[in-house]
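Structure, as C-alpha cells:
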There are 2 protein chains.
Amino acid sequence: MLLTYDQILEQLKEKGINLSYQRLKVLDFLYKNQIHPTVEQIYLGLVKQIPTLSKTTIYNTLKILINAGLVREIPFKGRESCYDINLDPHGHFCCDSCNQIYDFQIDVNLIKSKDLEDFKIRDRDVYFKGVCSRCLSKI
Amino acid sequence: MLLTYDQILEQLKEKGINLSYQRLKVLDFLYKNQIHPTVEQIYLGLVKQIPTLSKTTIYNTLKILINAGLVREIPFKGRESCYDINLDPHGHFCCDSCNQIYDFQIDVNLIKSKDLEDFKIRDRDVYFKGVCSRCLSKI
DNA sequence: TAATATATTTGTAATCATTACAAAGTTAAA
DNA sequence: TTTAACTTTGTAATGATTACAAATATATTA
Ligand SMILES: [Mn+2]
Ligand SMILES: [Mn+2]
Ligand SMILES: [Zn+2]
Ligand SMILES: [Zn+2]
C-alpha cells in the first residue's frame, strides 16, 4: 500500500485537493526523504528552493494530507511530531539515545482484541522505545 | 502485574523514594481512580483535601513514579497526557467523539518483529483511535 | 481585458501543556 | 538548636502548534 507518486496525485485529484507549488514540494520532500521528517526538517530542506516558504504552510499542507489519509503523523512524546508518507502497516521505534525513528515490520491489523469488538477503529499505532542496535554497539 | 497497594509501597521503599503526604495522595488517587486521569483531574480531585496543592507537585510526583516504573504515561496526541497505574500489558483506545480512553486486552509482549532483533526495547505502546461502541450506538 | 471572487501563502500573535527555577516550608541529621 | 537535605509551591519560561488576518496568487465572470 506504499503508493506510487502518480497514485498519490490521483488520490489528491479524487479528493479535490489542489496541488499548489508549495504543497507539491512538501509532498516531494516526504516522498524522497522517507525518514519521518519533522516540520523543521521539511522547512530546512525546502527553504533554499523556496525562500519565502513559511512553516505555517507546511503545517497546513500536512494537515490536508493527513485528513486525506495520505500522510501519517508520528507523535512520539517529548519530540516534534514527524511525518510518514508510507502507509504500509508498520510500527515505529524511537531510540532513547540517538532519537532516531526506525520502522519495523508488523501487521498492526493483526492486533485484535475482543474488548474492541463493537468499536470502529480508525488508526492503529504501535510505538516502541528503547535503544537501537547501532547505539547498543557503541557502548 | 497489577500491583497491590502494599506492593507499590514496597517498591517505593526499595527504590528509596520518600512518600510525602502529597505523593501519597497522588498515588492514592491513581490507585482508586483507574480512569487514566490527567494532571488536571488529579489536581481537581485532591485540591479540596489539600488546598495548598500545586500542579507542579503533581507533575513532579508523576515523574518520580514514572521513572520508578510504577506509573505509565499515556500521551495521546491533541489532549493532555493521562496516567495509568495499571502496568499490565494492554492497549489504549481513545474515542474521537467522547475523548474517553479505554483499555483493551492485548499482550504487547507478543508483538515481535525481526527488524528489532538487536534492539533493546524498553516500552511497547499500542494506541488505537476511532469511535467507541457507546458513541456509535448514539448515532 | 478588467473586475471580482476564491484559494493559498505568509508573518505574527496567541495558546497551552509542560518544564525551569528559586523562594518558602518541612523533615532529618548533627 | 543548628545545619543540611528534601519537598512543595508559585511564577516565569519554553516551544511546538494553532489562530488569525493581511498579502499574494489563481480562477471565474462580465
Ligand atoms: Mn514509518
Ligand atoms: Mn490503561
Ligand atoms: Zn540509537
Ligand atoms: Zn466515545
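Letters for chains follow the order of the C-alpha cells (A, B, ...), residue numbers begin at 1 for each chain, and ligand numbers begin at 1 in the order shown.
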Quick one: chain B onto chain A, least squares on all Cα paired in order, result as a CSV table (one decimal) with N, CA and C atoms, in the first residue's frame?
chain,number,residue,atom,x,y,z
B,1,MET,N,0.8,-1.2,0.1
B,1,MET,CA,0.0,0.0,0.0
B,1,MET,C,0.9,1.3,0.0
B,2,LEU,N,2.2,1.1,-0.2
B,2,LEU,CA,3.0,2.3,-0.4
B,2,LEU,C,2.7,2.8,-1.8
B,3,LEU,N,2.0,3.9,-1.9
B,3,LEU,CA,1.5,4.4,-3.1
B,3,LEU,C,2.7,5.0,-4.0
B,4,THR,N,2.5,4.8,-5.3
B,4,THR,CA,3.5,5.5,-6.2
B,4,THR,C,3.1,7.0,-6.2
B,5,TYR,N,4.1,7.7,-6.7
B,5,TYR,CA,3.8,9.2,-6.8
B,5,TYR,C,2.6,9.5,-7.6
B,6,ASP,N,2.4,8.8,-8.7
B,6,ASP,CA,1.2,9.0,-9.5
B,6,ASP,C,-0.1,8.7,-8.8
B,7,GLN,N,0.0,7.6,-8.0
B,7,GLN,CA,-1.2,7.2,-7.3
B,7,GLN,C,-1.6,8.3,-6.3
B,8,ILE,N,-0.5,8.9,-5.7
B,8,ILE,CA,-0.8,9.9,-4.7
B,8,ILE,C,-1.5,11.1,-5.4
B,9,LEU,N,-0.9,11.5,-6.5
B,9,LEU,CA,-1.5,12.6,-7.3
B,9,LEU,C,-2.9,12.3,-7.7
B,10,GLU,N,-3.2,11.1,-8.1
B,10,GLU,CA,-4.5,10.7,-8.4
B,10,GLU,C,-5.5,10.8,-7.2
B,11,GLN,N,-5.1,10.3,-6.1
B,11,GLN,CA,-5.8,10.4,-4.9
B,11,GLN,C,-6.2,11.9,-4.6
B,12,LEU,N,-5.2,12.7,-4.7
B,12,LEU,CA,-5.4,14.1,-4.4
B,12,LEU,C,-6.5,14.7,-5.3
B,13,LYS,N,-6.4,14.3,-6.6
B,13,LYS,CA,-7.4,14.8,-7.6
B,13,LYS,C,-8.8,14.3,-7.2
B,14,GLU,N,-8.9,13.0,-6.9
B,14,GLU,CA,-10.1,12.4,-6.4
B,14,GLU,C,-10.8,13.2,-5.3
B,15,LYS,N,-9.9,13.6,-4.3
B,15,LYS,CA,-10.4,14.3,-3.1
B,15,LYS,C,-10.5,15.8,-3.3
B,16,GLY,N,-10.2,16.2,-4.5
B,16,GLY,CA,-10.4,17.7,-4.8
B,16,GLY,C,-9.4,18.5,-4.1
B,17,ILE,N,-8.2,18.0,-3.9
B,17,ILE,CA,-7.2,18.8,-3.3
B,17,ILE,C,-6.3,19.4,-4.3
B,18,ASN,N,-6.2,20.7,-4.3
B,18,ASN,CA,-5.4,21.4,-5.3
B,18,ASN,C,-3.9,21.4,-4.9
B,19,LEU,N,-3.1,21.0,-5.9
B,19,LEU,CA,-1.7,20.9,-5.6
B,19,LEU,C,-1.0,22.2,-6.0
B,20,SER,N,-0.8,23.1,-5.0
B,20,SER,CA,-0.1,24.3,-5.3
B,20,SER,C,1.4,24.0,-5.4
B,21,TYR,N,2.2,24.9,-5.7
B,21,TYR,CA,3.7,24.7,-5.8
B,21,TYR,C,4.2,24.3,-4.5
B,22,GLN,N,3.8,25.0,-3.4
B,22,GLN,CA,4.4,24.6,-2.1
B,22,GLN,C,3.9,23.2,-1.7
B,23,ARG,N,2.7,22.9,-1.9
B,23,ARG,CA,2.2,21.6,-1.5
B,23,ARG,C,2.9,20.5,-2.2
B,24,LEU,N,3.1,20.8,-3.5
B,24,LEU,CA,3.8,19.8,-4.3
B,24,LEU,C,5.2,19.5,-3.8
B,25,LYS,N,5.9,20.6,-3.4
B,25,LYS,CA,7.2,20.5,-2.9
B,25,LYS,C,7.3,19.8,-1.5
B,26,VAL,N,6.3,20.0,-0.7
B,26,VAL,CA,6.2,19.3,0.6
B,26,VAL,C,6.0,17.8,0.3
B,27,LEU,N,5.1,17.5,-0.6
B,27,LEU,CA,4.8,16.1,-1.0
B,27,LEU,C,6.1,15.5,-1.5
B,28,ASP,N,6.7,16.2,-2.4
B,28,ASP,CA,8.0,15.7,-3.0
B,28,ASP,C,9.0,15.3,-1.9
B,29,PHE,N,9.1,16.3,-0.9
B,29,PHE,CA,10.1,16.1,0.1
B,29,PHE,C,9.8,14.8,0.9
B,30,LEU,N,8.5,14.6,1.3
B,30,LEU,CA,8.1,13.5,2.0
B,30,LEU,C,8.4,12.2,1.2
B,31,TYR,N,8.1,12.3,-0.1
B,31,TYR,CA,8.3,11.1,-0.9
B,31,TYR,C,9.8,10.7,-1.1
B,32,LYS,N,10.6,11.7,-1.2
B,32,LYS,CA,12.0,11.5,-1.5
B,32,LYS,C,12.8,11.3,-0.2
B,33,ASN,N,12.3,11.8,0.9
B,33,ASN,CA,13.0,11.6,2.2
B,33,ASN,C,12.2,10.9,3.2
B,34,GLN,N,12.1,9.6,3.0
B,34,GLN,CA,11.2,8.8,3.8
B,34,GLN,C,11.9,8.5,5.1
B,35,ILE,N,12.3,9.5,5.9
B,35,ILE,CA,13.0,9.4,7.1
B,35,ILE,C,12.2,9.9,8.3
B,36,HIS,N,10.8,10.0,8.1
B,36,HIS,CA,10.0,10.6,9.1
B,36,HIS,C,10.4,12.0,9.5
B,37,PRO,N,10.5,12.9,8.5
B,37,PRO,CA,11.0,14.3,8.8
B,37,PRO,C,10.0,15.0,9.7
B,38,THR,N,10.6,16.0,10.4
B,38,THR,CA,9.8,16.9,11.2
B,38,THR,C,9.5,18.1,10.3
B,39,VAL,N,8.6,19.0,10.9
B,39,VAL,CA,8.3,20.2,10.1
B,39,VAL,C,9.5,21.0,9.9
B,40,GLU,N,10.4,21.1,11.0
B,40,GLU,CA,11.6,21.8,10.9
B,40,GLU,C,12.5,21.3,9.8
B,41,GLN,N,12.6,19.9,9.7
B,41,GLN,CA,13.4,19.3,8.7
B,41,GLN,C,12.9,19.6,7.3
B,42,ILE,N,11.6,19.5,7.1
B,42,ILE,CA,11.0,19.8,5.8
B,42,ILE,C,11.3,21.3,5.5
B,43,TYR,N,11.1,22.1,6.4
B,43,TYR,CA,11.3,23.6,6.2
B,43,TYR,C,12.8,23.8,5.8
B,44,LEU,N,13.7,23.3,6.5
B,44,LEU,CA,15.1,23.5,6.2
B,44,LEU,C,15.5,22.8,4.8
B,45,GLY,N,14.8,21.8,4.5
B,45,GLY,CA,15.0,21.1,3.2
B,45,GLY,C,14.5,21.9,2.0
B,46,LEU,N,13.5,22.7,2.3
B,46,LEU,CA,12.9,23.4,1.1
B,46,LEU,C,13.2,24.9,1.0
B,47,VAL,N,13.6,25.5,2.1
B,47,VAL,CA,13.6,26.9,2.2
B,47,VAL,C,14.7,27.5,1.2
B,48,LYS,N,15.7,26.7,0.9
B,48,LYS,CA,16.7,27.2,-0.1
B,48,LYS,C,16.0,27.4,-1.5
B,49,GLN,N,15.2,26.4,-1.8
B,49,GLN,CA,14.5,26.4,-3.1
B,49,GLN,C,13.4,27.4,-3.1
B,50,ILE,N,12.7,27.6,-1.9
B,50,ILE,CA,11.5,28.5,-1.8
B,50,ILE,C,11.8,29.4,-0.7
B,51,PRO,N,12.5,30.5,-0.9
B,51,PRO,CA,13.0,31.4,0.2
B,51,PRO,C,11.9,32.0,1.0
B,52,THR,N,10.7,32.1,0.3
B,52,THR,CA,9.6,32.7,1.0
B,52,THR,C,8.8,31.7,1.9
B,53,LEU,N,9.1,30.5,1.8
B,53,LEU,CA,8.4,29.4,2.5
B,53,LEU,C,8.1,29.7,4.0
B,54,SER,N,6.9,29.4,4.4
B,54,SER,CA,6.5,29.6,5.8
B,54,SER,C,6.2,28.3,6.4
B,55,LYS,N,6.6,28.1,7.7
B,55,LYS,CA,6.3,26.9,8.4
B,55,LYS,C,4.8,26.6,8.5
B,56,THR,N,4.1,27.7,8.6
B,56,THR,CA,2.6,27.6,8.6
B,56,THR,C,2.1,26.8,7.4
B,57,THR,N,2.7,27.1,6.2
B,57,THR,CA,2.3,26.4,5.0
B,57,THR,C,2.6,24.9,5.1
B,58,ILE,N,3.7,24.6,5.7
B,58,ILE,CA,4.0,23.2,5.9
B,58,ILE,C,3.0,22.5,6.9
B,59,TYR,N,2.7,23.2,8.0
B,59,TYR,CA,1.7,22.7,8.9
B,59,TYR,C,0.3,22.5,8.1
B,60,ASN,N,-0.1,23.5,7.4
B,60,ASN,CA,-1.3,23.5,6.7
B,60,ASN,C,-1.3,22.3,5.7
B,61,THR,N,-0.3,22.2,4.9
B,61,THR,CA,-0.2,21.1,3.9
B,61,THR,C,-0.3,19.7,4.6
B,62,LEU,N,0.5,19.6,5.7
B,62,LEU,CA,0.5,18.3,6.3
B,62,LEU,C,-0.9,18.0,6.8
B,63,LYS,N,-1.6,19.0,7.4
B,63,LYS,CA,-3.0,18.7,7.9
B,63,LYS,C,-3.9,18.2,6.7
B,64,ILE,N,-3.7,18.9,5.6
B,64,ILE,CA,-4.5,18.5,4.4
B,64,ILE,C,-4.2,17.0,4.0
B,65,LEU,N,-2.9,16.7,4.0
B,65,LEU,CA,-2.5,15.4,3.5
B,65,LEU,C,-2.9,14.3,4.6
B,66,ILE,N,-2.9,14.7,5.8
B,66,ILE,CA,-3.3,13.8,6.9
B,66,ILE,C,-4.8,13.5,6.8
B,67,ASN,N,-5.5,14.6,6.6
B,67,ASN,CA,-7.0,14.4,6.5
B,67,ASN,C,-7.4,13.6,5.3
B,68,ALA,N,-6.6,13.7,4.3
B,68,ALA,CA,-6.9,13.0,3.0
B,68,ALA,C,-6.4,11.5,3.2
B,69,GLY,N,-5.8,11.2,4.3
B,69,GLY,CA,-5.3,9.8,4.5
B,69,GLY,C,-4.1,9.5,3.7
B,70,LEU,N,-3.3,10.5,3.4
B,70,LEU,CA,-2.1,10.2,2.5
B,70,LEU,C,-0.8,10.3,3.3
B,71,VAL,N,-0.9,10.9,4.5
B,71,VAL,CA,0.2,11.0,5.4
B,71,VAL,C,-0.2,10.6,6.8
B,72,ARG,N,0.8,10.1,7.5
B,72,ARG,CA,0.5,9.7,8.9
B,72,ARG,C,1.4,10.5,9.8
B,73,GLU,N,0.9,11.0,10.9
B,73,GLU,CA,1.7,11.7,11.9
B,73,GLU,C,2.2,10.7,12.9
B,74,ILE,N,3.5,10.9,13.3
B,74,ILE,CA,4.1,10.1,14.3
B,74,ILE,C,4.5,10.9,15.5
B,75,PRO,N,3.6,11.0,16.5
B,75,PRO,CA,3.8,12.0,17.6
B,75,PRO,C,4.5,11.4,18.8
B,76,PHE,N,5.7,11.0,18.7
B,76,PHE,CA,6.4,10.5,19.9
B,76,PHE,C,6.5,11.6,20.9
B,77,LYS,N,6.2,11.3,22.1
B,77,LYS,CA,6.2,12.2,23.2
B,77,LYS,C,7.6,12.8,23.4
B,78,GLY,N,7.7,14.1,23.7
B,78,GLY,CA,9.0,14.7,24.0
B,78,GLY,C,9.8,15.1,22.8
B,79,ARG,N,9.3,15.0,21.6
B,79,ARG,CA,10.0,15.5,20.4
B,79,ARG,C,8.9,16.0,19.4
B,80,GLU,N,9.4,16.8,18.5
B,80,GLU,CA,8.5,17.2,17.4
B,80,GLU,C,7.8,16.1,16.7
B,81,SER,N,6.6,16.3,16.3
B,81,SER,CA,5.9,15.2,15.5
B,81,SER,C,6.7,15.0,14.2
B,82,CYS,N,6.7,13.8,13.7
B,82,CYS,CA,7.3,13.6,12.4
B,82,CYS,C,6.2,12.9,11.5
B,83,TYR,N,6.5,12.9,10.3
B,83,TYR,CA,5.5,12.6,9.3
B,83,TYR,C,6.0,11.5,8.3
B,84,ASP,N,5.0,10.6,8.0
B,84,ASP,CA,5.4,9.4,7.2
B,84,ASP,C,4.4,9.3,6.1
B,85,ILE,N,5.0,9.2,4.9
B,85,ILE,CA,4.1,9.0,3.7
B,85,ILE,C,3.9,7.5,3.4
B,86,ASN,N,4.6,6.7,4.1
B,86,ASN,CA,4.5,5.2,4.0
B,86,ASN,C,3.3,4.7,4.8
B,87,LEU,N,2.2,4.4,4.1
B,87,LEU,CA,1.0,4.0,4.8
B,87,LEU,C,0.9,2.5,5.0
B,88,ASP,N,1.9,1.7,4.5
B,88,ASP,CA,2.0,0.3,4.9
B,88,ASP,C,1.9,0.2,6.4
B,89,PRO,N,1.1,-0.8,6.8
B,89,PRO,CA,1.0,-1.0,8.3
B,89,PRO,C,2.4,-1.4,8.8
B,90,HIS,N,2.9,-0.6,9.8
B,90,HIS,CA,4.2,-0.9,10.4
B,90,HIS,C,4.3,-0.1,11.7
B,91,GLY,N,5.2,-0.6,12.5
B,91,GLY,CA,5.4,0.1,13.8
B,91,GLY,C,6.6,1.0,13.8
B,92,HIS,N,6.7,1.9,14.8
B,92,HIS,CA,7.8,2.8,14.9
B,92,HIS,C,8.5,2.7,16.2
B,93,PHE,N,9.8,2.7,16.1
B,93,PHE,CA,10.7,2.6,17.3
B,93,PHE,C,11.5,3.9,17.4
B,94,CYS,N,11.5,4.5,18.6
B,94,CYS,CA,12.3,5.7,18.8
B,94,CYS,C,13.4,5.4,19.8
B,95,CYS,N,14.6,5.7,19.4
B,95,CYS,CA,15.8,5.4,20.2
B,95,CYS,C,16.0,6.5,21.3
B,96,ASP,N,16.1,6.0,22.5
B,96,ASP,CA,16.3,7.0,23.6
B,96,ASP,C,17.6,7.7,23.4
B,97,SER,N,18.6,7.0,22.8
B,97,SER,CA,20.0,7.6,22.8
B,97,SER,C,20.2,8.5,21.6
B,98,CYS,N,19.9,8.1,20.4
B,98,CYS,CA,20.1,8.9,19.2
B,98,CYS,C,18.9,9.6,18.7
B,99,ASN,N,17.7,9.3,19.3
B,99,ASN,CA,16.5,9.9,19.0
B,99,ASN,C,16.0,9.6,17.6
B,100,GLN,N,16.6,8.7,16.9
B,100,GLN,CA,16.2,8.4,15.5
B,100,GLN,C,15.0,7.5,15.6
B,101,ILE,N,14.2,7.6,14.5
B,101,ILE,CA,13.0,6.8,14.4
B,101,ILE,C,13.2,5.7,13.4
B,102,TYR,N,12.9,4.4,13.8
B,102,TYR,CA,13.0,3.3,12.9
B,102,TYR,C,11.7,2.7,12.6
B,103,ASP,N,11.5,2.3,11.4
B,103,ASP,CA,10.3,1.4,11.0
B,103,ASP,C,10.6,0.0,11.5
B,104,PHE,N,9.5,-0.7,11.8
B,104,PHE,CA,9.7,-2.1,11.9
B,104,PHE,C,8.4,-2.8,11.4
B,105,GLN,N,8.6,-3.9,10.7
B,105,GLN,CA,7.6,-4.7,10.1
B,105,GLN,C,6.7,-5.3,11.1
B,106,ILE,N,5.4,-5.0,11.1
B,106,ILE,CA,4.5,-5.7,12.0
B,106,ILE,C,3.1,-5.3,11.4
B,107,ASP,N,2.3,-6.3,11.2
B,107,ASP,CA,0.9,-6.1,10.7
B,107,ASP,C,0.0,-5.7,11.8
B,108,VAL,N,-0.2,-4.4,12.0
B,108,VAL,CA,-1.0,-3.9,13.1
B,108,VAL,C,-2.4,-4.3,13.0
B,109,ASN,N,-2.8,-4.7,11.7
B,109,ASN,CA,-4.2,-5.1,11.6
B,109,ASN,C,-4.5,-6.5,12.2
B,110,LEU,N,-3.4,-7.2,12.5
B,110,LEU,CA,-3.5,-8.5,13.1
B,110,LEU,C,-3.7,-8.3,14.6
B,111,ILE,N,-3.5,-7.2,15.2
B,111,ILE,CA,-3.7,-7.0,16.6
B,111,ILE,C,-5.2,-6.9,16.8
B,112,LYS,N,-5.8,-7.9,17.4
B,112,LYS,CA,-7.2,-8.0,17.6
B,112,LYS,C,-7.4,-8.0,19.1
B,113,SER,N,-8.5,-7.4,19.6
B,113,SER,CA,-8.9,-7.6,21.0
B,113,SER,C,-10.4,-7.6,21.1
B,114,LYS,N,-10.9,-8.6,21.8
B,114,LYS,CA,-12.4,-8.7,21.8
B,114,LYS,C,-13.0,-7.6,22.6
B,115,ASP,N,-12.2,-6.9,23.3
B,115,ASP,CA,-12.7,-5.7,24.0
B,115,ASP,C,-13.1,-4.6,23.1
B,116,LEU,N,-12.6,-4.7,21.8
B,116,LEU,CA,-12.9,-3.6,20.8
B,116,LEU,C,-13.9,-4.1,19.8
B,117,GLU,N,-14.5,-5.3,20.0
B,117,GLU,CA,-15.4,-5.8,19.0
B,117,GLU,C,-16.4,-4.8,18.4
B,118,ASP,N,-17.0,-4.0,19.3
B,118,ASP,CA,-18.0,-3.1,18.9
B,118,ASP,C,-17.5,-1.7,18.6
B,119,PHE,N,-16.2,-1.6,18.6
B,119,PHE,CA,-15.6,-0.3,18.3
B,119,PHE,C,-15.3,-0.1,16.9
B,120,LYS,N,-15.3,1.1,16.4
B,120,LYS,CA,-14.9,1.4,15.0
B,120,LYS,C,-13.5,1.9,15.1
B,121,ILE,N,-12.5,1.2,14.6
B,121,ILE,CA,-11.1,1.5,14.7
B,121,ILE,C,-10.6,2.3,13.5
B,122,ARG,N,-10.1,3.4,13.7
B,122,ARG,CA,-9.7,4.3,12.5
B,122,ARG,C,-8.2,4.3,12.4
B,123,ASP,N,-7.5,4.2,13.5
B,123,ASP,CA,-6.0,4.3,13.5
B,123,ASP,C,-5.4,3.3,14.5
B,124,ARG,N,-4.4,2.6,14.1
B,124,ARG,CA,-3.7,1.7,14.9
B,124,ARG,C,-2.2,2.0,15.0
B,125,ASP,N,-1.8,2.5,16.1
B,125,ASP,CA,-0.4,3.0,16.2
B,125,ASP,C,0.4,2.1,17.2
B,126,VAL,N,1.5,1.7,16.8
B,126,VAL,CA,2.4,0.9,17.6
B,126,VAL,C,3.7,1.6,17.8
B,127,TYR,N,4.0,2.1,19.0
B,127,TYR,CA,5.2,2.8,19.3
B,127,TYR,C,6.0,2.1,20.3
B,128,PHE,N,7.2,1.8,19.9
B,128,PHE,CA,8.2,1.2,20.8
B,128,PHE,C,9.3,2.2,21.2
B,129,LYS,N,9.9,2.0,22.4
B,129,LYS,CA,11.0,2.9,22.7
B,129,LYS,C,12.1,2.0,23.3
B,130,GLY,N,13.3,2.5,23.3
B,130,GLY,CA,14.4,1.7,23.8
B,130,GLY,C,15.7,2.2,23.2
B,131,VAL,N,16.7,1.3,23.0
B,131,VAL,CA,17.9,1.7,22.4
B,131,VAL,C,18.2,0.9,21.1
B,132,CYS,N,18.6,1.6,20.1
B,132,CYS,CA,18.7,0.9,18.8
B,132,CYS,C,20.0,0.1,18.8
B,133,SER,N,20.1,-0.8,17.8
B,133,SER,CA,21.3,-1.7,17.8
B,133,SER,C,22.6,-0.9,17.6
B,134,ARG,N,22.5,0.1,16.7
B,134,ARG,CA,23.7,1.0,16.5
B,134,ARG,C,24.2,1.6,17.8
B,135,CYS,N,23.3,2.2,18.6
B,135,CYS,CA,23.7,2.8,19.8
B,135,CYS,C,24.2,1.7,20.8
B,136,LEU,N,23.5,0.6,20.8
B,136,LEU,CA,24.0,-0.5,21.7
B,136,LEU,C,25.4,-0.9,21.5
B,137,SER,N,25.8,-1.0,20.2
B,137,SER,CA,27.1,-1.5,19.8
B,137,SER,C,28.2,-0.4,20.1
B,138,LYS,N,27.8,0.8,20.3
B,138,LYS,CA,28.7,1.9,20.6
B,138,LYS,C,29.2,1.9,22.1
B,139,ILE,N,28.4,1.2,22.9
B,139,ILE,CA,28.7,1.2,24.3
B,139,ILE,C,30.0,0.5,24.7
Q. Which residues in segment 7-139 of chain A does DSSP call alpha helix (DSSP H)? List them as an NGL selection string.
A. :A and (7-14 or 21-32 or 39-46 or 55-67 or 133-138)
Please produce a file of those selected residues containing C-alpha atoms, as an mmCIF file, in the first residue's frame.
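out_4.cif written:
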data_model
loop_
_atom_site.group_PDB
_atom_site.id
_atom_site.type_symbol
_atom_site.label_atom_id
_atom_site.label_comp_id
_atom_site.auth_asym_id
_atom_site.auth_seq_id
_atom_site.Cartn_x
_atom_site.Cartn_y
_atom_site.Cartn_z
ATOM 1 C CA GLN A 7 -1.203 7.188 -7.289
ATOM 2 C CA ILE A 8 -0.823 9.943 -4.717
ATOM 3 C CA LEU A 9 -1.504 12.619 -7.296
ATOM 4 C CA GLU A 10 -4.546 10.685 -8.454
ATOM 5 C CA GLN A 11 -5.846 10.394 -4.894
ATOM 6 C CA LEU A 12 -5.438 14.132 -4.429
ATOM 7 C CA LYS A 13 -7.384 14.807 -7.614
ATOM 8 C CA GLU A 14 -10.143 12.461 -6.463
ATOM 9 C CA TYR A 21 3.673 24.747 -5.807
ATOM 10 C CA GLN A 22 4.351 24.654 -2.068
ATOM 11 C CA ARG A 23 2.148 21.630 -1.479
ATOM 12 C CA LEU A 24 3.815 19.790 -4.335
ATOM 13 C CA LYS A 25 7.243 20.494 -2.850
ATOM 14 C CA VAL A 26 6.205 19.268 0.592
ATOM 15 C CA LEU A 27 4.814 16.112 -0.980
ATOM 16 C CA ASP A 28 8.014 15.677 -2.982
ATOM 17 C CA PHE A 29 10.095 16.046 0.133
ATOM 18 C CA LEU A 30 8.073 13.452 2.023
ATOM 19 C CA TYR A 31 8.278 11.072 -0.901
ATOM 20 C CA LYS A 32 12.002 11.456 -1.484
ATOM 21 C CA VAL A 39 8.243 20.233 10.122
ATOM 22 C CA GLU A 40 11.610 21.815 10.899
ATOM 23 C CA GLN A 41 13.421 19.328 8.662
ATOM 24 C CA ILE A 42 10.944 19.820 5.848
ATOM 25 C CA TYR A 43 11.317 23.567 6.216
ATOM 26 C CA LEU A 44 15.119 23.468 6.164
ATOM 27 C CA GLY A 45 15.042 21.094 3.228
ATOM 28 C CA LEU A 46 12.854 23.373 1.129
ATOM 29 C CA LYS A 55 6.288 26.852 8.374
ATOM 30 C CA THR A 56 2.578 27.586 8.609
ATOM 31 C CA THR A 57 2.264 26.427 5.012
ATOM 32 C CA ILE A 58 3.975 23.179 5.921
ATOM 33 C CA TYR A 59 1.655 22.673 8.874
ATOM 34 C CA ASN A 60 -1.353 23.454 6.648
ATOM 35 C CA THR A 61 -0.201 21.125 3.908
ATOM 36 C CA LEU A 62 0.458 18.287 6.318
ATOM 37 C CA LYS A 63 -2.967 18.717 7.872
ATOM 38 C CA ILE A 64 -4.541 18.473 4.425
ATOM 39 C CA LEU A 65 -2.528 15.390 3.528
ATOM 40 C CA ILE A 66 -3.286 13.747 6.876
ATOM 41 C CA ASN A 67 -7.025 14.403 6.532
ATOM 42 C CA SER A 133 21.316 -1.705 17.758
ATOM 43 C CA ARG A 134 23.699 0.962 16.489
ATOM 44 C CA CYS A 135 23.723 2.768 19.841
ATOM 45 C CA LEU A 136 23.967 -0.519 21.736
ATOM 46 C CA SER A 137 27.101 -1.483 19.811
ATOM 47 C CA LYS A 138 28.714 1.863 20.595
#
(Q) Residues of chain C within 12 Å of chain B, counting only C-alpha atoms (C1' of nucleotides), what are they? List them as a list in words. (A)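 For chain C, the answer reads DC16, DA17, DT18, DT19, DA20, DC21, DG25, DT26 and DT27 of chain C.
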Q | In chain A, DSSP strand (DSSP E or B) residues written as an MDAnalysis selection string | A | chainID A and resid 38 72:74 82:84 90:95 101:105 120:131
Q: Could you give me, as a list of chain:residue names, the residues within 9 Å of DA27 of chain D, counting only C-alpha atoms (C1' of nucleotides) and dropping anything in the same chain fewer than 5 positions from it?
A: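 The neighbour list is C:DA5, C:DT6, C:DA7.
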Q: Give me, please, the distance in Å between atom C1' of DG11 of chain C and atom C1' of DA22 of chain D, quoted to one decimal.
A: 9.2 Å
Q: Tell me, in Å to one decimal, how far atom C1' of DT26 of chain D is from atom C1' of DT4 of chain C.
A: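 Atom C1' of DT4 of chain C lies at a distance of 12.4 Å from atom C1' of DT26 of chain D.
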Q: Take atom 1 (Mn, counted along the ligand's line) of ligand 2 and atom C1' of DT15 of chain C and report the distance between them in Å, one decimal.
A: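 Answer for the atom 1 (Mn, counted along the ligand's line) of ligand 2 to atom C1' of DT15 of chain C separation: 28.7 Å.
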Q: Within 10 Å of chain B, which residues of chain D are there when counting only C-alpha atoms (C1' of nucleotides)? Please give them as a ChimeraX atom specification.
A: /D:6-10,17
Q: Excluding DA13 of chain C and residues on its chain fewer than 5 positions from it, collect all residues at most 12 Å away from it, counting only C-alpha atoms (C1' of nucleotides), and give them as a ChimeraX atom specification.
A: /D:18-21
Take the residues from that selection and put them in a file with N, CA and C atoms (P, O5', C5', C4', C3', O3' and C1' of nucleotides), as a CSV table (one decimal), in the first residue's frame.
chain,number,residue,atom,x,y,z
D,18,DT,P,-1.7,21.8,15.3
D,18,DT,O5',-2.3,23.2,15.6
D,18,DT,C5',-2.8,23.4,16.9
D,18,DT,C4',-3.4,24.8,17.0
D,18,DT,C3',-4.4,25.2,15.9
D,18,DT,O3',-5.5,25.7,16.5
D,18,DT,C1',-2.7,26.8,16.0
D,19,DA,P,-6.8,26.2,15.6
D,19,DA,O5',-6.7,27.8,15.7
D,19,DA,C5',-6.4,28.4,16.9
D,19,DA,C4',-6.5,29.9,16.8
D,19,DA,C3',-7.6,30.3,15.8
D,19,DA,O3',-8.2,31.5,16.3
D,19,DA,C1',-5.4,31.1,15.1
D,20,DC,P,-9.4,32.2,15.6
D,20,DC,O5',-8.7,33.4,14.7
D,20,DC,C5',-7.7,34.2,15.4
D,20,DC,C4',-7.0,35.1,14.4
D,20,DC,C3',-7.9,35.6,13.3
D,20,DC,O3',-8.0,37.0,13.3
D,20,DC,C1',-5.8,34.9,12.5
D,21,DA,P,-9.2,37.7,12.4
D,21,DA,O5',-8.3,38.8,11.6
D,21,DA,C5',-7.1,39.3,12.1
D,21,DA,C4',-6.2,39.7,11.0
D,21,DA,C3',-6.9,40.3,9.8
D,21,DA,O3',-6.1,41.3,9.2
D,21,DA,C1',-5.7,38.4,9.1
